[in-house]
file entry_18.txt (compact mmCIF, C-alpha atoms and all ligand atoms)
# COMPACT_ATOMS: atom_id res chain seq x y z
CA MET G 1 9.96 -22.46 -3.69
CA GLU G 2 12.85 -21.16 -1.67
CA THR G 3 11.78 -19.01 1.26
CA ILE G 4 12.49 -15.37 0.54
CA THR G 5 13.54 -12.78 3.06
CA ALA G 6 13.74 -9.00 2.79
CA GLU G 7 17.54 -9.29 2.70
CA ARG G 8 18.46 -9.58 -0.95
CA THR G 9 17.62 -6.18 -2.31
CA LYS G 10 17.60 -4.15 0.89
CA THR G 11 21.23 -3.20 0.90
CA LYS G 12 21.12 -1.68 -2.58
CA GLN G 13 18.19 0.60 -1.78
CA LEU G 14 17.81 4.08 -0.47
CA PRO G 15 17.08 5.89 1.84
CA ASP G 16 20.24 7.49 3.21
CA GLU G 17 20.81 7.42 6.97
CA LYS G 18 18.59 10.50 7.51
CA GLY G 19 15.76 8.81 5.65
CA TYR G 20 16.00 10.68 2.34
CA PHE G 21 15.24 9.35 -1.11
CA GLY G 22 16.83 12.18 -3.08
CA GLU G 23 15.15 15.27 -1.68
CA TYR G 24 12.10 13.35 -0.37
CA GLY G 25 11.39 11.65 2.94
CA GLY G 26 13.23 12.70 6.09
CA ALA G 27 11.56 13.35 9.43
CA TYR G 28 9.88 16.73 9.99
CA LEU G 29 8.77 16.31 13.57
CA PRO G 30 8.29 18.02 16.91
CA PRO G 31 11.42 17.56 19.10
CA GLN G 32 9.85 14.99 21.45
CA LEU G 33 9.24 12.67 18.52
CA VAL G 34 12.65 13.00 16.88
CA GLU G 35 14.30 10.96 19.59
CA GLU G 36 11.53 8.36 19.54
CA MET G 37 11.88 7.88 15.75
CA GLN G 38 15.63 7.43 16.17
CA LYS G 39 14.93 4.75 18.76
CA ILE G 40 12.56 2.98 16.38
CA THR G 41 15.15 3.14 13.59
CA GLU G 42 17.89 1.71 15.80
CA SER G 43 15.62 -1.02 17.18
CA TYR G 44 14.47 -1.88 13.67
CA TYR G 45 18.01 -2.42 12.35
CA ARG G 46 18.94 -4.46 15.41
CA ILE G 47 15.79 -6.56 15.76
CA ILE G 48 15.22 -7.52 12.12
CA GLU G 49 18.70 -9.04 11.99
CA THR G 50 18.00 -11.44 14.86
CA GLU G 51 17.30 -15.09 14.00
CA GLU G 52 14.29 -15.02 16.33
CA PHE G 53 12.60 -12.17 14.44
CA LYS G 54 13.43 -13.52 10.98
CA THR G 55 12.23 -17.03 11.79
CA GLU G 56 9.01 -15.79 13.36
CA LEU G 57 8.15 -13.48 10.45
CA ILE G 58 8.85 -16.20 7.89
CA ARG G 59 6.65 -18.61 9.84
CA LEU G 60 3.76 -16.13 10.11
CA ASN G 61 3.98 -15.11 6.44
CA ARG G 62 3.83 -18.74 5.41
CA ASP G 63 1.49 -20.42 7.89
CA TYR G 64 -0.72 -17.52 8.94
CA THR G 65 -1.01 -15.28 5.87
CA GLY G 66 -0.66 -18.14 3.38
CA ARG G 67 2.42 -16.91 1.49
CA PRO G 68 3.61 -17.22 -1.16
CA SER G 69 0.51 -15.86 -2.88
CA PRO G 70 0.19 -17.23 -6.42
CA VAL G 71 1.00 -15.52 -9.71
CA TYR G 72 -2.00 -16.20 -11.94
CA HIS G 73 -2.28 -15.95 -15.74
CA ALA G 74 -5.65 -14.32 -16.44
CA LYS G 75 -6.25 -16.03 -19.80
CA SER G 76 -9.90 -15.13 -20.11
CA LEU G 77 -9.36 -11.43 -19.40
CA SER G 78 -6.29 -11.33 -21.68
CA GLN G 79 -8.26 -12.91 -24.50
CA LYS G 80 -11.15 -10.52 -24.05
CA VAL G 81 -8.83 -7.50 -24.14
CA GLY G 82 -7.04 -8.92 -27.15
CA GLY G 83 -3.49 -7.76 -26.56
CA ALA G 84 -0.75 -8.56 -24.06
CA GLN G 85 -1.03 -11.41 -21.54
CA ILE G 86 -2.18 -10.18 -18.14
CA TYR G 87 -0.92 -11.86 -14.95
CA PHE G 88 -1.92 -11.12 -11.36
CA LYS G 89 0.06 -11.37 -8.15
CA ARG G 90 -2.75 -12.57 -5.89
CA GLU G 91 -2.36 -10.50 -2.72
CA ASP G 92 -6.16 -10.67 -2.49
CA LEU G 93 -5.75 -14.28 -1.34
CA ASN G 94 -3.81 -13.34 1.78
CA HIS G 95 -5.46 -13.79 5.16
CA THR G 96 -7.55 -10.58 5.67
CA GLY G 97 -7.78 -10.08 1.90
CA ALA G 98 -5.05 -7.60 1.00
CA HIS G 99 -1.33 -6.90 0.99
CA LYS G 100 -1.46 -4.88 4.21
CA ILE G 101 -1.09 -7.92 6.46
CA ASN G 102 2.54 -8.12 5.19
CA HIS G 103 3.64 -4.91 6.87
CA CYS G 104 1.25 -5.22 9.81
CA LEU G 105 2.80 -8.50 10.96
CA GLY G 106 6.24 -6.92 10.62
CA GLU G 107 5.30 -3.73 12.46
CA VAL G 108 3.42 -5.42 15.31
CA LEU G 109 6.16 -8.00 15.77
CA LEU G 110 8.69 -5.16 15.94
CA ALA G 111 6.55 -3.15 18.39
CA LYS G 112 6.24 -6.20 20.61
CA LYS G 113 9.98 -6.87 20.60
CA MET G 114 10.49 -3.18 21.49
CA GLY G 115 8.32 -3.70 24.58
CA LYS G 116 5.39 -1.53 23.38
CA LYS G 117 1.92 -2.21 24.78
CA LYS G 118 -0.33 -0.70 22.15
CA VAL G 119 -0.36 -0.15 18.40
CA ILE G 120 -2.19 2.83 17.02
CA ALA G 121 -2.98 3.69 13.41
CA GLU G 122 -5.19 5.37 10.85
CA THR G 123 -7.22 3.55 8.25
CA GLY G 124 -8.89 4.61 4.99
CA ALA G 125 -10.82 1.74 3.45
CA GLY G 126 -10.46 -0.12 6.74
CA GLN G 127 -8.01 -2.60 5.26
CA HIS G 128 -5.05 -1.38 7.27
CA GLY G 129 -7.23 -1.24 10.39
CA VAL G 130 -8.39 -4.82 9.91
CA ALA G 131 -4.90 -6.08 9.12
CA LEU G 132 -3.45 -4.30 12.14
CA ALA G 133 -6.25 -5.43 14.46
CA THR G 134 -5.61 -8.97 13.20
CA ALA G 135 -1.88 -8.83 13.87
CA ALA G 136 -2.53 -7.22 17.27
CA ALA G 137 -5.01 -9.95 18.23
CA LEU G 138 -2.53 -12.62 17.15
CA LEU G 139 0.42 -11.09 18.96
CA ASP G 140 -1.49 -9.97 22.07
CA MET G 141 -1.20 -6.20 21.74
CA GLN G 142 -3.80 -3.48 22.33
CA CYS G 143 -4.95 -1.78 19.15
CA GLU G 144 -6.57 1.62 18.45
CA ILE G 145 -7.70 2.59 14.94
CA HIS G 146 -8.65 6.10 13.80
CA MET G 147 -11.05 6.26 10.88
CA GLY G 148 -12.91 9.09 9.13
CA GLU G 149 -16.69 9.09 9.57
CA VAL G 150 -17.18 9.10 5.79
CA ASP G 151 -15.12 5.95 5.46
CA ILE G 152 -16.86 4.37 8.45
CA ALA G 153 -20.17 4.71 6.62
CA LYS G 154 -18.72 3.39 3.36
CA GLU G 155 -16.73 0.48 4.75
CA HIS G 156 -19.09 -0.81 7.40
CA PRO G 157 -18.04 -4.51 7.33
CA ASN G 158 -14.42 -3.61 8.04
CA VAL G 159 -15.47 -1.48 11.02
CA ILE G 160 -17.31 -4.48 12.48
CA ARG G 161 -14.33 -6.74 11.77
CA MET G 162 -11.98 -4.45 13.69
CA LYS G 163 -14.32 -4.41 16.67
CA ILE G 164 -14.76 -8.19 16.64
CA LEU G 165 -10.97 -8.52 16.60
CA GLY G 166 -10.83 -6.48 19.80
CA ALA G 167 -9.64 -3.12 18.45
CA LYS G 168 -10.97 0.24 19.54
CA VAL G 169 -12.27 2.25 16.56
CA VAL G 170 -12.10 6.04 16.98
CA PRO G 171 -14.35 7.97 14.53
CA VAL G 172 -12.75 11.11 13.08
CA THR G 173 -15.27 13.90 12.71
CA PHE G 174 -13.27 16.91 11.49
CA GLY G 175 -12.32 18.15 8.02
CA LEU G 176 -13.29 15.87 5.15
CA LYS G 177 -13.53 12.95 7.61
CA THR G 178 -11.41 10.67 5.42
CA LEU G 179 -7.87 9.32 5.39
CA LYS G 180 -5.83 12.51 5.86
CA GLU G 181 -7.79 13.52 8.96
CA ALA G 182 -7.57 9.94 10.26
CA VAL G 183 -3.76 10.24 10.09
CA ASP G 184 -3.90 13.64 11.86
CA SER G 185 -6.07 12.15 14.59
CA ALA G 186 -3.97 9.02 15.07
CA PHE G 187 -0.82 11.15 15.18
CA MET G 188 -2.27 13.30 17.96
CA ALA G 189 -3.23 10.23 19.97
CA TYR G 190 0.23 8.75 19.45
CA MET G 191 1.89 11.98 20.66
CA GLN G 192 0.16 11.59 24.03
CA ASP G 193 2.43 8.66 24.81
CA PRO G 194 5.03 7.73 22.20
CA VAL G 195 6.91 5.55 24.69
CA THR G 196 4.40 2.77 25.37
CA GLN G 197 2.51 3.20 22.07
CA PHE G 198 3.73 2.38 18.55
CA TYR G 199 2.35 4.17 15.50
CA ALA G 200 1.98 1.38 12.95
CA ILE G 201 1.54 3.45 9.81
CA GLY G 202 -0.47 1.92 6.96
CA SER G 203 1.71 2.65 3.93
CA VAL G 204 5.18 3.74 2.80
CA VAL G 205 4.56 7.25 4.18
CA GLY G 206 5.25 9.20 7.37
CA PRO G 207 8.59 10.14 8.92
CA HIS G 208 11.73 8.01 8.59
CA PRO G 209 12.01 5.05 9.26
CA PHE G 210 8.41 4.18 8.25
CA PRO G 211 8.68 4.45 4.46
CA MET G 212 11.75 2.20 4.63
CA MET G 213 10.32 -0.33 7.13
CA VAL G 214 6.98 -0.72 5.39
CA ARG G 215 8.78 -1.15 2.04
CA ASP G 216 11.10 -3.77 3.49
CA PHE G 217 8.14 -5.73 4.90
CA GLN G 218 6.25 -5.45 1.59
CA GLN G 219 9.06 -6.31 -0.78
CA ILE G 220 8.42 -10.01 -0.28
CA VAL G 221 5.60 -9.49 -2.83
CA GLY G 222 8.01 -8.61 -5.63
CA GLU G 223 10.66 -11.10 -4.57
CA GLU G 224 8.15 -13.93 -4.78
CA ALA G 225 6.54 -12.61 -7.97
CA ARG G 226 9.87 -12.25 -9.78
CA ALA G 227 10.80 -15.88 -9.11
CA GLN G 228 7.27 -17.18 -9.80
CA PHE G 229 6.93 -15.30 -13.05
CA GLN G 230 10.29 -16.55 -14.32
CA GLN G 231 9.39 -20.08 -13.34
CA LYS G 232 6.12 -19.84 -15.31
CA THR G 233 7.30 -18.04 -18.44
CA GLY G 234 11.08 -18.29 -18.46
CA LYS G 235 11.27 -14.49 -18.61
CA LEU G 236 10.64 -11.36 -16.65
CA PRO G 237 7.40 -9.47 -17.27
CA ASP G 238 7.58 -6.64 -19.84
CA HIS G 239 5.41 -4.38 -17.69
CA LEU G 240 4.48 -4.06 -14.02
CA VAL G 241 1.34 -2.28 -12.87
CA ALA G 242 0.13 -1.38 -9.36
CA CYS G 243 -2.19 1.22 -7.87
CA VAL G 244 -0.67 3.95 -5.72
CA GLY G 245 -2.35 5.41 -2.65
CA GLY G 246 0.51 5.88 -0.23
CA GLY G 247 2.37 3.39 -2.41
CA SER G 248 3.02 0.27 -0.30
CA ASN G 249 1.61 -2.45 -2.56
CA ALA G 250 3.28 -0.76 -5.54
CA ILE G 251 6.73 -0.48 -3.98
CA GLY G 252 6.31 -4.01 -2.62
CA LEU G 253 6.00 -5.37 -6.15
CA PHE G 254 8.38 -2.93 -7.85
CA THR G 255 11.42 -3.13 -5.56
CA ALA G 256 12.60 -6.51 -6.82
CA PHE G 257 12.52 -5.23 -10.43
CA LEU G 258 14.02 -1.74 -10.11
CA GLU G 259 17.37 -2.90 -11.47
CA ASP G 260 15.77 -4.76 -14.40
CA LYS G 261 16.00 -1.99 -16.96
CA ASN G 262 13.84 -3.79 -19.55
CA VAL G 263 10.90 -4.04 -17.18
CA GLN G 264 8.67 -0.99 -17.63
CA ILE G 265 6.97 0.05 -14.42
CA HIS G 266 3.65 1.91 -14.08
CA GLY G 267 2.10 3.29 -10.90
CA VAL G 268 -1.60 4.16 -11.18
CA GLU G 269 -3.17 7.06 -9.28
CA PRO G 270 -6.86 7.93 -8.99
CA SER G 271 -8.09 10.87 -11.11
CA GLY G 272 -11.47 10.44 -9.39
CA LYS G 273 -14.16 12.61 -10.92
CA GLY G 274 -11.74 14.80 -12.89
CA PHE G 275 -8.62 16.93 -12.70
CA LYS G 276 -10.07 19.93 -10.85
CA ASP G 277 -8.97 20.59 -7.25
CA GLY G 278 -10.79 18.33 -4.82
CA GLU G 279 -11.97 15.88 -7.48
CA HIS G 280 -8.97 13.52 -7.52
CA ALA G 281 -6.00 12.18 -5.56
CA ALA G 282 -3.45 12.15 -8.40
CA THR G 283 -0.58 13.29 -6.22
CA LEU G 284 2.40 12.45 -8.41
CA THR G 285 0.64 13.68 -11.53
CA LEU G 286 -0.53 17.07 -10.22
CA GLY G 287 1.19 17.67 -6.88
CA LYS G 288 4.29 19.68 -5.97
CA PRO G 289 6.93 18.89 -3.33
CA GLY G 290 5.76 19.70 0.19
CA VAL G 291 5.62 18.36 3.75
CA ILE G 292 2.75 16.30 5.17
CA HIS G 293 2.61 14.08 8.24
CA GLY G 294 6.31 14.46 8.98
CA PHE G 295 7.87 13.81 5.56
CA MET G 296 8.62 15.50 2.22
CA CYS G 297 6.91 14.20 -0.91
CA TYR G 298 4.83 15.22 -3.89
CA LEU G 299 1.76 16.78 -2.31
CA LEU G 300 -1.58 18.11 -3.48
CA GLN G 301 -1.61 21.48 -1.71
CA ASN G 302 -3.01 24.99 -1.79
CA GLU G 303 -0.98 28.25 -2.03
CA ASN G 304 -0.22 28.07 1.71
CA GLY G 305 1.20 24.56 1.51
CA GLU G 306 -1.82 23.03 3.25
CA PRO G 307 -2.92 19.64 1.89
CA SER G 308 -5.79 19.93 -0.60
CA PRO G 309 -9.04 18.00 -0.26
CA VAL G 310 -8.91 14.79 -2.30
CA HIS G 311 -11.40 12.36 -3.76
CA SER G 312 -11.31 8.80 -5.04
CA ILE G 313 -13.99 6.16 -5.18
CA ALA G 314 -11.37 3.93 -3.55
CA SER G 315 -10.94 5.02 0.09
CA GLY G 316 -7.49 3.44 0.24
CA LEU G 317 -6.20 5.74 -2.52
CA ASP G 318 -7.68 8.90 -1.04
CA TYR G 319 -4.55 10.66 0.28
CA PRO G 320 -3.00 14.01 -0.77
CA GLY G 321 0.60 12.83 -0.19
CA VAL G 322 2.53 9.81 -1.46
CA GLY G 323 5.55 7.75 -0.45
CA PRO G 324 8.89 9.58 -0.69
CA GLN G 325 10.47 6.76 -2.69
CA HIS G 326 7.75 7.06 -5.34
CA SER G 327 8.38 10.81 -5.46
CA TYR G 328 12.05 10.08 -6.10
CA LEU G 329 11.39 7.30 -8.65
CA LYS G 330 9.16 9.70 -10.58
CA ASP G 331 11.87 12.37 -10.71
CA ILE G 332 14.55 9.95 -11.93
CA GLU G 333 12.00 8.60 -14.44
CA ARG G 334 12.35 4.98 -13.40
CA ILE G 335 8.59 4.68 -12.95
CA ARG G 336 5.80 6.30 -14.93
CA TYR G 337 2.75 7.40 -12.98
CA GLU G 338 -0.57 7.26 -14.80
CA THR G 339 -4.17 7.99 -13.83
CA ILE G 340 -7.47 6.12 -13.91
CA ASN G 341 -10.79 7.74 -12.99
CA ASP G 342 -13.71 6.47 -10.89
CA THR G 343 -15.76 5.31 -13.88
CA GLU G 344 -12.88 3.40 -15.46
CA ALA G 345 -12.19 1.72 -12.11
CA ILE G 346 -15.82 0.60 -11.75
CA GLU G 347 -15.79 -0.78 -15.30
CA ALA G 348 -12.60 -2.73 -14.59
CA PHE G 349 -14.13 -4.00 -11.33
CA SER G 350 -17.06 -5.38 -13.33
CA ILE G 351 -14.99 -6.81 -16.22
CA MET G 352 -12.65 -8.58 -13.79
CA SER G 353 -15.56 -10.02 -11.79
CA LYS G 354 -17.47 -11.26 -14.84
CA ASN G 355 -14.51 -12.64 -16.82
CA GLU G 356 -12.26 -14.04 -14.12
CA GLY G 357 -14.61 -14.68 -11.21
CA ILE G 358 -12.44 -12.46 -9.04
CA ILE G 359 -14.06 -9.47 -7.32
CA PRO G 360 -11.21 -6.99 -6.92
CA ALA G 361 -10.87 -4.15 -4.39
CA LEU G 362 -11.76 -0.74 -5.84
CA GLU G 363 -8.14 0.28 -5.23
CA SER G 364 -6.82 -2.67 -7.25
CA SER G 365 -9.45 -1.96 -9.92
CA HIS G 366 -7.46 1.16 -10.83
CA ALA G 367 -4.43 -1.01 -11.62
CA ILE G 368 -6.61 -3.47 -13.57
CA ALA G 369 -8.20 -0.65 -15.61
CA PHE G 370 -4.77 0.66 -16.58
CA ALA G 371 -3.49 -2.84 -17.38
CA ILE G 372 -6.47 -3.42 -19.69
CA LYS G 373 -5.75 -0.17 -21.56
CA LEU G 374 -2.06 -0.97 -21.77
CA ALA G 375 -2.64 -4.59 -22.87
CA SER G 376 -4.84 -3.53 -25.77
CA SER G 377 -1.95 -1.45 -27.16
CA LEU G 378 0.55 -4.35 -26.96
CA GLU G 379 1.24 -7.65 -28.78
CA PRO G 380 -0.06 -11.03 -27.48
CA SER G 381 3.56 -12.09 -26.94
CA GLU G 382 4.06 -9.31 -24.38
CA THR G 383 3.27 -9.64 -20.67
CA ILE G 384 1.93 -7.45 -17.89
CA LEU G 385 2.15 -8.36 -14.21
CA VAL G 386 -0.42 -6.55 -12.05
CA ASN G 387 -0.43 -6.43 -8.28
CA LEU G 388 -3.94 -7.48 -7.28
CA SER G 389 -3.58 -5.72 -3.94
CA GLY G 390 -6.86 -6.85 -2.40
CA ARG G 391 -10.26 -8.43 -2.78
CA GLY G 392 -13.45 -6.42 -3.22
CA ASP G 393 -15.78 -7.92 -0.64
CA LYS G 394 -15.48 -4.74 1.43
CA ASP G 395 -16.78 -2.67 -1.50
CA ILE G 396 -19.79 -4.65 -2.71
CA ASP G 397 -22.50 -2.84 -0.71
CA PHE G 398 -21.21 0.55 -1.81
CA ILE G 399 -21.03 -0.57 -5.45
CA ALA G 400 -24.51 -2.09 -5.40
CA GLU G 401 -25.98 1.03 -3.87
CA SER G 402 -24.23 3.66 -5.97
CA TYR G 403 -23.28 1.91 -9.22
CA GLY G 404 -25.63 -1.05 -9.46
CA ASP G 405 -27.23 0.20 -12.67
CA MET G 406 -23.85 0.93 -14.25
CA ILE G 407 -22.61 -2.64 -13.80
CA GLY G 408 -26.01 -4.12 -14.63
CA ILE G 409 -27.05 -5.75 -11.34
CA ASP G 410 -30.33 -3.88 -10.75
C1 LIG G 501 -4.75 0.32 1.27
C2 LIG G 501 -4.91 -0.31 -0.01
C3 LIG G 501 -4.28 0.19 -1.15
C4 LIG G 501 -3.52 1.48 -1.16
O1 LIG G 501 -2.42 1.55 -0.33
P1 LIG G 501 -0.94 1.47 -0.88
O2 LIG G 501 -0.11 1.80 0.30
O3 LIG G 501 -0.83 2.50 -1.97
O4 LIG G 501 -0.74 0.10 -1.38
C5 LIG G 501 -4.40 -0.51 -2.33
N1 LIG G 501 -5.12 -1.64 -2.40
C6 LIG G 501 -5.75 -2.16 -1.33
C7 LIG G 501 -6.52 -3.41 -1.48
C8 LIG G 501 -5.66 -1.52 -0.11
O5 LIG G 501 -6.29 -2.03 0.94
call {"tool": "encode", "arguments": {"input": "entry_18.txt", "output": "structure tokens", "more": "lines below"}}
Ligand SMILES: *Cc1c(COP(=O)(O)O)cnc(C)c1O
result
Amino acid sequence: METITAERTKTKQLPDEKGYFGEYGGAYLPPQLVEEMQKITESYYRIIETEEFKTELIRLNRDYTGRPSPVYHAKSLSQKVGGAQIYFKREDLNHTGAHKINHCLGEVLLAKKMGKKKVIAETGAGQHGVALATAAALLDMQCEIHMGEVDIAKEHPNVIRMKILGAKVVPVTFGLKTLKEAVDSAFMAYMQDPVTQFYAIGSVVGPHPFPMMVRDFQQIVGEEARAQFQQKTGKLPDHLVACVGGGSNAIGLFTAFLEDKNVQIHGVEPSGKGFKDGEHAATLTLGKPGVIHGFMCYLLQNENGEPSPVHSIASGLDYPGVGPQHSYLKDIERIRYETINDTEAIEAFSIMSKNEGIIPALESSHAIAFAIKLASSLEPSETILVNLSGRGDKDIDFIAESYGDMIGID
């Protein structure tokens, strides 16, 4: 297959030069950071155009991560569901087990070329932390990861991985002690010294230029998948499905198909334990526009505009905001955002494991659960391409402990 770069679709995409996707995005920042973000934006545009950067990123994606990841026809699952044919883009097969390595290699390579000494970030499920610690180890950068205490307890193997890779893990002990507070904490640490440190954000969120940069580094997923799917079937998929936390794996798959009007696109958010405040993280479904972590987006918030507490069984989806481009794509009705609850996700986790021999991440299980529902309402001639954003090894202890009886392993 031809090697794919981020070039092809980039020029047609938003944001505008201030970082807005419609009314969403931008950079709502203290003055000392405004200038630093402008520097990052300028460096980004300059550095990604250099042959040296392009060649190095292509080499790492191919030889280090193992790209292109395959597109796989899940015949057994499709047959069991008895409707449309389900295909998976296998981001779970990447080195480190998820899509996040795609933007981490890009961000750390950029930070290094900018002369930064240290990358700093938040992590939810620990996947971004592990991917960033990996890229930092590879590219000889210091790495500091902020993680909520609740997530540290839940995602123990990833905490150990980060430490083995040489990263410093900072436990976050305030608020709900999950992803939102981890971002707050990492942001504060970054503010101490934005000149020698680089905030390598973990999704298509945060102030401009991060939603754009992370999308550009992730869109290789959709570029590959579009070509692979056509090669396999002679057509484009009828439906795309991906889970949405901040929205990076989703936008990574979707970007290459946004202009294909016949491809229906579904983003899947977690409705957790239910639709009451604090029980879910269904931001696009139930949120209203607001500002969080330096950008405007749909936001789950109280009357005072403060972010609401959120819950999902999948730590990586547990965030009260969402990428500004998703907020925009919802408003223009290019993408439909749906919800899947904790129980449905666990069931999909089990069905996928037992029928395909693939243990999916709990985050990805939300996309699988929705794809199964959707498939059963469609004809066998129709197709669904799901982004399998990561593998579930990180989740097995938690599942066994809390849901062992439900999936019949006790
Ligand atoms: C982090 C994570 C997600 C959610 O993040 P997005 O930015 O919404 O993609 C989804 N799946 C896996 C496996 C993750 O690690």
call {"tool": "closest_residue", "arguments": {"input": "entry_18.txt", "among": "G:Ala250, G:Ile384, G:Val81, G:Ala282", "to": "ligand LIG 501 (chain G)", "atoms": "all atoms listed in the file"}}
result
G:Ala250
call {"tool": "residues_near_ligand", "arguments": {"input": "entry_18.txt", "ligand": "ligand LIG 501 (chain G)", "cutoff": "9 Å", "atoms": "all atoms listed in the file", "output": "PyMOL selection string"}}
result
chain G and resi 91-92+97-100+123-128+202-205+242-252+269+314-318+322-323+360-365+387-392
call {"tool": "residues_near_point", "arguments": {"input": "entry_18.txt", "point": "(-1.0, -7.5, 16.2)", "cutoff": "12 Å", "atoms": "all atoms listed in the file", "output": "count of residues only"}}
result
43
call {"tool": "residues_around", "arguments": {"input": "entry_18.txt", "residues": "Leu385 (chain G)", "least_positions_apart": "4", "cutoff": "6 Å", "atoms": "all atoms listed in the file", "output": "ChimeraX atom specification"}}
result
/G:87-88,240
call {"tool": "closest_residue", "arguments": {"input": "entry_18.txt", "among": "G:Val150, G:Leu14, G:Lys89, G:Leu77", "to": "Ser350 (chain G)", "atoms": "only C-alpha atoms"}}
result
G:Leu77
call {"tool": "closest_residue", "arguments": {"input": "entry_18.txt", "among": "G:Thr283, G:Asn262, G:Gln192, G:Ser312", "to": "Leu300 (chain G)", "atoms": "only C-alpha atoms"}}
result
G:Thr283
call {"tool": "closest_residue", "arguments": {"input": "entry_18.txt", "among": "G:Ala256, G:Leu29, G:Ala369, G:Met296", "to": "Gln325 (chain G)", "atoms": "all atoms listed in the file"}}
result
G:Met296
call {"tool": "residues_around", "arguments": {"input": "entry_18.txt", "residues": "region 340-348 of chain G", "least_positions_apart": "2", "cutoff": "6 Å", "atoms": "only C-alpha atoms", "output": "JSON, numbers by chain"}}
result
{"G": [270, 271, 272, 313, 350, 351, 352, 365, 366, 369]}
call {"tool": "residues_around", "arguments": {"input": "entry_18.txt", "residues": "Lys177 (chain G)", "least_positions_apart": "3", "cutoff": "6 Å", "atoms": "all atoms listed in the file", "output": "list in words"}}
result
Gly148, Glu149, Val150, Val172, Thr173, Phe174 and Glu181 of chain G
call {"tool": "closest_residue", "arguments": {"input": "entry_18.txt", "among": "G:His311, G:Lys80, G:His266, G:Arg336", "to": "His239 (chain G)", "atoms": "only C-alpha atoms"}}
result
G:His266
call {"tool": "closest_residue", "arguments": {"input": "entry_18.txt", "among": "G:Glu382, G:Asp193, G:Asp63, G:Glu52", "to": "His95 (chain G)", "atoms": "all atoms listed in the file"}}
result
G:Asp63
call {"tool": "residues_around", "arguments": {"input": "entry_18.txt", "residues": "Ala182 (chain G)", "least_positions_apart": "2", "cutoff": "7 Å", "atoms": "only C-alpha atoms", "output": "list in words"}}
result
Glu122, Thr123, His146, Met147, Gly148, Val172, Thr178, Leu179, Lys180, Asp184, Ser185 and Ala186 of chain G
